Every structure is written in C-alpha cells, then in structure tokens.
Amino acid sequence: MKSSTLSFASITAITLFLLLSLSDVQGGSPGVAAGEGGNPATDQPWRRELQDLGFTPSLEWDADVFVNARGGIRQGAVADGLIRLALDIDGYQLTRSAILHDTELHIEGIYPYGTDISTDVGELAAVNNNAAYNSPKLYEVWFQKAFQVGSVNGSLRIGMMGADQEFDVNDTAALFINGTFGAPLALGGTAPVPVYPFSALGVRLESSVGDDKRLKLTFRSGIYDGNSAAPEFGASSVGAPTSPAYNKYGIDFHLNPSTGLIILNELAFDFLGPRPGVPSPGAGRWFIGPGHVLIGGFYATNRFENIYEAQLQRSGVAEALTPPADLSGDYGVYSLWEQQFYQDTPKSAGGLYLFARGLAVPADRNFVTVSAETGAVYKGVLRRQADLRDSVGVGFAYNSISNNVRRADEVARQAGVPEAPNLESEAVIEATYVLPITSNWRLQPDVQWIICPDGIANSRNALVIGLRSILTF
Amino acid sequence: MLFLLFNATRRLMAVNKNMRSFLQFLLLLLAAIQLAQAGPPPTVDLPASEILEVLNPIVILKGSEAAISGSVQPSTPWAETVWGHLQVALFDDRGHLIKQVAVNYSPRPVPHDFHSAYQPRSYFFVTIHGITRSVRSVEISYHDGSISHLKSITDDD
C-alpha cells in the first residue's frame, strides 16, 4: 500500500511537472551550431530588463598574486587587484527619441588596490598593468554619437577619456600583464599623455570607409587636455602633474588648453586575407588571415625640459646649476601590425595571431625613446568553445633609454658622482596562459623575465611569477 | 510548487481507486499531447563573421512569441564594432522564413579592455511577436550598419 501510494504520488508529480513546464516553453533551450557554445544557465533576466531600459552594467574584479623569485631590488611576494565598474547607457533605448539613435553614455570607475610588485623589482615597464595609486577613481565619462554620411561611418566622442583606450591599441596583446604591452612606455613616459590610470577631458573623432570584408580605412583623431596626467618618469614636462596620486579620485576635471594639449592621429587598415576555395568544415588552416595595420603619431604642445641638462641637474653635477632649457612641444610616431595566420576552423577567432608594435620619440626631451613589442598569441589551445576559449601568449618588449640621458650620466660619473647609473635599456619576456574556468571566471598564470630592470646595465635580471584571477559579472 | 503538488496528491489519495487510476491516465494523456505538440527544440544557427561572434544564444518560445537573447564579442581582436547590428531570423519546418528582425547589441561598440585577458561583451535581447507557425530554426547573424539607417524587415509568407 505504501509503495503504491509513493508510486502514484511520484507519477502524478512527474506528470504535473511535465505539464507545467511544457505549457510555458515549447522550444526549450536551443540547439547550437557546430563549434559554438550554448549555455542556457547564463540567461540573466535582470540584465535583459536593464538593457530594455538602456542600461548595461559591468563589473570586473582582477585579483593578483606576484612573486619576485630572483633579481631586481629584493625577493618578495605581493597581492593586489583592480575592481572596475562600468555603466553604459543607450540614449535611444532610454528615451526612445530619434535624435538619440546610436548614442552611448559611458561611465567607468576603477579601484586599484594592494602592493605594487614594482617595489621589489624596480623595473621601468610595469610588471603589473593594473598597478596604480590605491584609490577609488572615476576613470572615464564620455558621450558618443555615431553617424553615417554617405559611405563614411563615424563617431564623435567627448568627455573624460584615456587616450590609450583608443590610440595605439594592440588588441592582440591585451592578455599580457606587463604594462608596456598596453600603453607603450615611451608614450606616457615623458609627455603627459592621459594613459592608465589617468584620463583627461577631450574629444575624439573617428571615421571609416570601405568594406569590412575587403579593406577598411579608419582615421582617428583626438585632442586631450595637456596637463591631466603625471608622466611615468617625472617632471620633464613643464607644468604637468608629477605625483602618481594626482587626481586620485578622478573628479578634478582639469581643462586649460593654453598650457598644453595632447593631439593624437592615426590611420588604420583592416583587411581580410584571400579565401582560397572553400575549406573543409572543421579543418584548421594556415593562411594570410585578417589583419590590422596602423600608423599614427602624437604631438604635445606643452614645454619640455632639455633631458640632458635636466639629468645633469638631477645628478648634482656642478655645470648644471642653471635651470635646464625648455623645448617647445614633444612628438612621436608609432606603428602597429596584428594578423591571424592560423584558424582552427573556418572564420573562427581561434588560431594563431602575431603582432609587432613600435613607437619612437626624440631623445633630447624624452627619457625612454623607443618602445617596441612583438609576440604571438594562440586562442583555443585546449578549449575552442567561443566563451570558454583559452589563450596562450609569448611576448617580448624592449624599451631604450635616451642617448642624452646616458651621456649625462656618463658625464656625472666622470665628474665623480658614484650613484650616477649606467643606463641602457630594459627588456621583458613574458609568457602567459588564460584559462576560463567558467564564462565569468578566468585564471591566468604568468611568468616575466625582466632583463636589466630599471634599464641599468649591470642590474640583476628579475624573474617574476604571478597568478591573476579575473571575475566578471 | 512542491506544496501544490503535495496537496494535489493528498486530494487524489482521498478519492476511490478507480477514480485515482482515471485521473492518472488523464494526466499522462495530457502530458503526451503537450509533448507531441511541443516538437523538437529549434536549432540555432550562428553564421561565422570576422567582426562579431555570438555567445550563449537563448531562444524561448511561448505561444506566438519568441524571446531571443545572448551576448557578442569581437571575432578578431581589433574588429570595429561601433557600426553594426544583428539580424534574428525564424524559419519553419520547410526552411521558409517566418520573421526576421534587426536588433542592436549594447553597449555598442563592444567594450575592449587592454588591461585584462577578459574580452568584455555586449548583450542583445529581442522579443518577436505574432508567430503563426512552428519555429524549427533560428539564425542570428551580424550585419554592418546601424538599425537607425535600416527599414525593419518583417516577412511573413
């Protein structure tokens, strides 16, 4: 009797469950195309409701542990992190007003925290690209309007922005943790170009022509306030902030064009490789794949110290008692190349990418004069599913110190200043692997070999091992 | 839900054995009818694109409505995503188009973050009303151009 009661109850329960569920959903979760991922568990009704109102929030939490295993200043281990919170508002979705079609308002805050491994390594190019003055900070607030004029697509962006978010961006190298793969050291080293963690009031115009499937040309131009960022190597730019703690909450909206402006221009070529026939489905192939070539430059209207005289003065050499002469403006040119050479399946993002980038600035007013990086990234090593694709990367970066600085230090040494360093260059070899555990959590082991930390020729090479956890919501 | 089931079971236990068997049969019959009407779930086709790849597509069919959502990320790391949209097309058993709508993803462009190995995403969501035939497959594809410059396409053959 008891078993029949249980049997009856269970059959009834299962039947009712089937009826209830089937009456709501006919199709259920989708099947998915071969090679792509489907994960109904990631459905987020709250996100849909917010998006219907025009709001798209995002939150990312990077937590790092770094160990300086050898070399540098001293051995040691640190923990740090970065919390990034952003909100994007679609103007049309929010107001349903036709004039706000293709408009976007972006608000982003960051909170870097913890100890910077640089205190143990003493390097030029930041081992940790997230490291910054520990403070919650309003990082970007901008408004963008996209437009179409004939065959030209464009967008105008205005507000507080980081120049390195859009200019000279090496997207292929985004997975590397060393900072010089992000904004080149020579870009924000001496000139107060607003690169992470700084941003500045400015305006940016972008326009593109051509076909994404053949060749597309994009011209990008931006003008930023010239004294809203503290250069990495101190006070060579006259009137620019000097402390990493400058504008620590990001609410000092500095704008004074008469004392300095930063102007960046670049031209990008996007192209797809030839398609020899129809490749068999599922087969990987080597080819001259889609690529991205970029050339550009920047000009800073600020005044800059003569770096030779300034370096002599810092060394305390007698002949440098008079203030260093000012030079008008600073400038630099850069180029970037990224290209895919292997696809694991046709049109897949998985495969092998190579990149190279270089930036050069004049030696008479800049501390670092050449920044160059090259490397390879493979996406989809062990996991090819689009949202869980793993990546491995090997990169090499080189930063050369100005000949004028080296010459000044040589003079200082000859003048009997024992602490005048023998500066040359610094190089970094980085190997990293990104393993998505879920679509919202990634683990990233990382190894960096820093050759001549701080650019000092006889300094002991450093080995840094790190692990980054990336949580997103 | 469990409470309702428990109560329903207790009430059914109270009726006589013949009635109980009849009710059980009736429920199973209704479930079988629903299953037969439901048919197989629709397949989702995601044509490859060098600009955007669609992640985690979710299709929920409810009566004459279809709710389709998911996320997108750039296919190539440097892809420009400021000026594009998605087209969602519903097809019937014979492969004929039922409806096709253009939908924006947001934020647009897809955010990019060179400080992180995580590739940020944009999201899309659309509800298509007035579906009169059984949906066999759903295609979500990327197209250049803004929706504001397009005429919304709605075909019903």
# chains A, B, ... in the order shown; residues from 1 in each chain; ligands from 1
$ select_by_dssp --residues "range 269-425 of chain A" --states "strand (DSSP E or B)" --output "PyMOL selection string"
chain A and resi 269-271+285-286+291-305+326-343+351-360+368-379+391-401+423+425
$ write_last_selection --atoms "C-alpha atoms" --output "tab-separated table (two decimals), in the first residue's frame"
chain	number	residue	atom	x	y	z
A	269	PHE	CA	43.87	49.49	-42.30
A	270	ASP	CA	41.72	46.43	-41.64
A	271	PHE	CA	41.83	43.70	-44.21
A	285	ARG	CA	44.39	26.05	-41.98
A	286	TRP	CA	47.47	28.24	-42.33
A	291	GLY	CA	44.99	41.76	-40.34
A	292	HIS	CA	45.23	45.20	-38.86
A	293	VAL	CA	47.93	47.76	-39.67
A	294	LEU	CA	48.07	51.12	-38.01
A	295	ILE	CA	50.30	54.17	-38.28
A	296	GLY	CA	49.98	57.23	-36.13
A	297	GLY	CA	51.59	59.91	-34.09
A	298	PHE	CA	51.10	62.31	-31.23
A	299	TYR	CA	52.04	65.89	-30.56
A	300	ALA	CA	52.10	67.59	-27.14
A	301	THR	CA	52.06	71.38	-27.17
A	302	ASN	CA	53.48	71.59	-23.62
A	303	ARG	CA	57.02	72.78	-22.96
A	304	PHE	CA	59.61	70.17	-22.03
A	305	GLU	CA	62.94	70.24	-20.23
A	326	ASP	CA	62.81	74.43	-22.20
A	327	LEU	CA	62.00	72.85	-25.53
A	328	SER	CA	58.79	73.52	-27.34
A	329	GLY	CA	56.50	70.51	-27.75
A	330	ASP	CA	57.02	66.78	-27.89
A	331	TYR	CA	56.04	64.31	-30.55
A	332	GLY	CA	56.26	60.69	-31.52
A	333	VAL	CA	55.36	58.26	-34.27
A	334	TYR	CA	54.10	54.73	-33.94
A	335	SER	CA	53.04	51.76	-35.97
A	336	LEU	CA	51.29	48.51	-35.21
A	337	TRP	CA	50.69	45.26	-37.04
A	338	GLU	CA	48.41	42.40	-35.97
A	339	GLN	CA	47.42	39.45	-38.12
A	340	GLN	CA	45.95	36.00	-37.93
A	341	PHE	CA	47.94	33.20	-39.56
A	342	TYR	CA	46.12	30.08	-38.48
A	343	GLN	CA	42.43	29.36	-37.99
A	351	GLY	CA	44.04	30.26	-34.01
A	352	LEU	CA	47.44	31.88	-34.17
A	353	TYR	CA	47.98	35.66	-34.15
A	354	LEU	CA	51.24	37.57	-34.46
A	355	PHE	CA	51.82	41.20	-33.56
A	356	ALA	CA	54.53	43.85	-33.61
A	357	ARG	CA	54.41	47.45	-32.47
A	358	GLY	CA	56.91	50.27	-32.19
A	359	LEU	CA	56.97	53.86	-31.01
A	360	ALA	CA	59.79	56.38	-31.25
A	368	VAL	CA	62.61	56.46	-22.96
A	369	THR	CA	62.92	56.99	-26.69
A	370	VAL	CA	61.96	53.65	-28.24
A	371	SER	CA	59.30	51.18	-27.14
A	372	ALA	CA	58.86	48.03	-29.17
A	373	GLU	CA	56.94	44.82	-28.61
A	374	THR	CA	56.41	41.65	-30.58
A	375	GLY	CA	54.86	38.30	-29.85
A	376	ALA	CA	52.45	35.53	-30.64
A	377	VAL	CA	49.08	34.58	-29.22
A	378	TYR	CA	47.20	31.34	-29.79
A	379	LYS	CA	43.50	31.27	-28.96
A	391	SER	CA	44.72	31.53	-24.83
A	392	VAL	CA	48.45	31.30	-24.56
A	393	GLY	CA	50.84	34.13	-25.38
A	394	VAL	CA	54.55	34.79	-25.58
A	395	GLY	CA	55.74	38.36	-25.91
A	396	PHE	CA	58.93	40.37	-25.98
A	397	ALA	CA	59.12	44.07	-25.13
A	398	TYR	CA	62.05	46.45	-25.34
A	399	ASN	CA	62.43	49.99	-24.01
A	400	SER	CA	65.52	52.02	-24.82
A	401	ILE	CA	66.70	54.95	-22.70
A	423	LEU	CA	71.54	53.29	-18.09
A	425	SER	CA	67.67	49.64	-21.87
$ interface_residues --of "chain B" --to "chain A" --cutoff "7 Å" --atoms "only C-alpha atoms" --output "PDB file with C-alpha atoms, in the first residue's frame"
ATOM      1  CA  LEU B   5       1.956  19.007  -5.675  1.00  0.00           C
ATOM      2  CA  THR B   9      -1.522  14.254  -4.264  1.00  0.00           C
ATOM      3  CA  GLN B  24      -3.579   9.308 -13.526  1.00  0.00           C
ATOM      4  CA  LEU B  27      -2.750  13.447 -16.644  1.00  0.00           C
ATOM      5  CA  LEU B  28      -0.418  11.188 -18.628  1.00  0.00           C
ATOM      6  CA  ALA B  31       1.367  15.303 -20.962  1.00  0.00           C
ATOM      7  CA  GLN B  34       1.708  18.503 -24.897  1.00  0.00           C
ATOM      8  CA  ALA B  38       5.915  20.808 -28.491  1.00  0.00           C
ATOM      9  CA  PRO B  40      11.797  19.262 -31.096  1.00  0.00           C
ATOM     10  CA  PRO B  41      13.532  22.413 -29.829  1.00  0.00           C
ATOM     11  CA  PRO B  42      14.608  24.826 -32.557  1.00  0.00           C
ATOM     12  CA  THR B  43      18.185  24.748 -33.700  1.00  0.00           C
ATOM     13  CA  VAL B  44      20.218  27.937 -33.554  1.00  0.00           C
ATOM     14  CA  ASP B  45      22.489  28.768 -36.473  1.00  0.00           C
ATOM     15  CA  LEU B  46      25.275  31.277 -35.968  1.00  0.00           C
ATOM     16  CA  ALA B  48      30.559  32.926 -38.745  1.00  0.00           C
ATOM     17  CA  SER B  49      31.625  36.539 -39.031  1.00  0.00           C
ATOM     18  CA  GLU B  50      35.023  38.214 -38.888  1.00  0.00           C
ATOM     19  CA  LEU B  55      27.792  33.614 -27.475  1.00  0.00           C
ATOM     20  CA  ASN B  56      25.260  31.775 -25.352  1.00  0.00           C
ATOM     21  CA  PRO B  57      22.170  32.262 -27.537  1.00  0.00           C
ATOM     22  CA  ILE B  58      18.936  31.530 -25.710  1.00  0.00           C
ATOM     23  CA  VAL B  59      15.625  31.026 -27.510  1.00  0.00           C
ATOM     24  CA  ILE B  60      12.426  30.801 -25.524  1.00  0.00           C
ATOM     25  CA  LEU B  61       9.218  30.116 -27.434  1.00  0.00           C
ATOM     26  CA  LYS B  62       6.000  30.899 -25.659  1.00  0.00           C
ATOM     27  CA  SER B  75      35.813  37.791 -33.580  1.00  0.00           C
ATOM     28  CA  THR B  76      39.164  39.327 -34.374  1.00  0.00           C
ATOM     29  CA  PRO B  77      40.757  41.259 -31.508  1.00  0.00           C
ATOM     30  CA  TRP B  78      40.798  44.539 -33.433  1.00  0.00           C
ATOM     31  CA  SER B 106      24.552  47.047 -26.252  1.00  0.00           C
ATOM     32  CA  PRO B 107      26.980  48.587 -25.428  1.00  0.00           C
ATOM     33  CA  PHE B 114      43.621  46.088 -22.885  1.00  0.00           C
ATOM     34  CA  HIS B 115      44.216  45.725 -19.145  1.00  0.00           C
ATOM     35  CA  SER B 116      42.642  42.335 -18.936  1.00  0.00           C
ATOM     36  CA  ALA B 117      42.614  38.940 -20.563  1.00  0.00           C
ATOM     37  CA  PHE B 125      17.641  40.790 -26.431  1.00  0.00           C
ATOM     38  CA  SER B 148      18.574  53.547 -37.381  1.00  0.00           C
TER      39      SER B 148
END
$ select_by_dssp --residues "range 203-329 of chain A" --states "alpha helix (DSSP H)" --output "count of residues only"
9
$ closest_residue --among "A:Ile437, A:Leu138, A:Leu217, A:Val152" --to "Leu267 in chain A" --atoms "only C-alpha atoms"
A:Leu217
$ closest_residue --among "A:Val317, A:Ala268, A:Val464, A:Ile450" --to "Asp409 in chain A" --atoms "only C-alpha atoms"
A:Val317
$ residues_around --residues "Asp92 in chain B" --least-positions-apart "2" --cutoff "8 Å" --atoms "only C-alpha atoms" --output "PDB file with N, CA and C atoms, in the first residue's frame"
ATOM      1  N   LEU B  90      13.661  33.708 -38.037  1.00  0.00           N
ATOM      2  CA  LEU B  90      12.998  32.475 -37.618  1.00  0.00           C
ATOM      3  C   LEU B  90      12.559  31.704 -38.860  1.00  0.00           C
ATOM      4  N   ARG B  94       9.967  23.764 -43.117  1.00  0.00           N
ATOM      5  CA  ARG B  94      10.406  23.642 -44.516  1.00  0.00           C
ATOM      6  C   ARG B  94      11.543  24.598 -44.861  1.00  0.00           C
ATOM      7  N   GLY B  95      12.006  25.299 -43.858  1.00  0.00           N
ATOM      8  CA  GLY B  95      13.115  26.216 -44.088  1.00  0.00           C
ATOM      9  C   GLY B  95      12.683  27.564 -44.605  1.00  0.00           C
ATOM     10  N   HIS B  96      11.380  27.819 -44.572  1.00  0.00           N
ATOM     11  CA  HIS B  96      10.865  29.112 -45.046  1.00  0.00           C
ATOM     12  C   HIS B  96      10.948  30.138 -43.918  1.00  0.00           C
ATOM     13  N   LEU B  97      11.242  31.368 -44.331  1.00  0.00           N
ATOM     14  CA  LEU B  97      11.362  32.448 -43.345  1.00  0.00           C
ATOM     15  C   LEU B  97      10.003  32.786 -42.746  1.00  0.00           C
ATOM     16  N   ILE B  98       9.936  32.817 -41.429  1.00  0.00           N
ATOM     17  CA  ILE B  98       8.699  33.240 -40.756  1.00  0.00           C
ATOM     18  C   ILE B  98       8.775  34.731 -40.462  1.00  0.00           C
ATOM     19  N   ARG B 133       3.545  30.109 -37.069  1.00  0.00           N
ATOM     20  CA  ARG B 133       3.932  28.738 -37.435  1.00  0.00           C
ATOM     21  C   ARG B 133       4.990  28.212 -36.479  1.00  0.00           C
ATOM     22  N   SER B 134       5.154  26.912 -36.492  1.00  0.00           N
ATOM     23  CA  SER B 134       6.137  26.278 -35.618  1.00  0.00           C
ATOM     24  C   SER B 134       7.556  26.691 -36.038  1.00  0.00           C
ATOM     25  N   VAL B 135       8.354  27.118 -35.089  1.00  0.00           N
ATOM     26  CA  VAL B 135       9.718  27.571 -35.394  1.00  0.00           C
ATOM     27  C   VAL B 135      10.668  26.377 -35.329  1.00  0.00           C
ATOM     28  N   ARG B 136      11.351  26.128 -36.438  1.00  0.00           N
ATOM     29  CA  ARG B 136      12.262  24.985 -36.491  1.00  0.00           C
ATOM     30  C   ARG B 136      13.713  25.402 -36.259  1.00  0.00           C
ATOM     31  N   SER B 137      14.037  26.586 -36.763  1.00  0.00           N
ATOM     32  CA  SER B 137      15.421  27.045 -36.558  1.00  0.00           C
ATOM     33  C   SER B 137      15.467  28.565 -36.437  1.00  0.00           C
TER      34      SER B 137
END
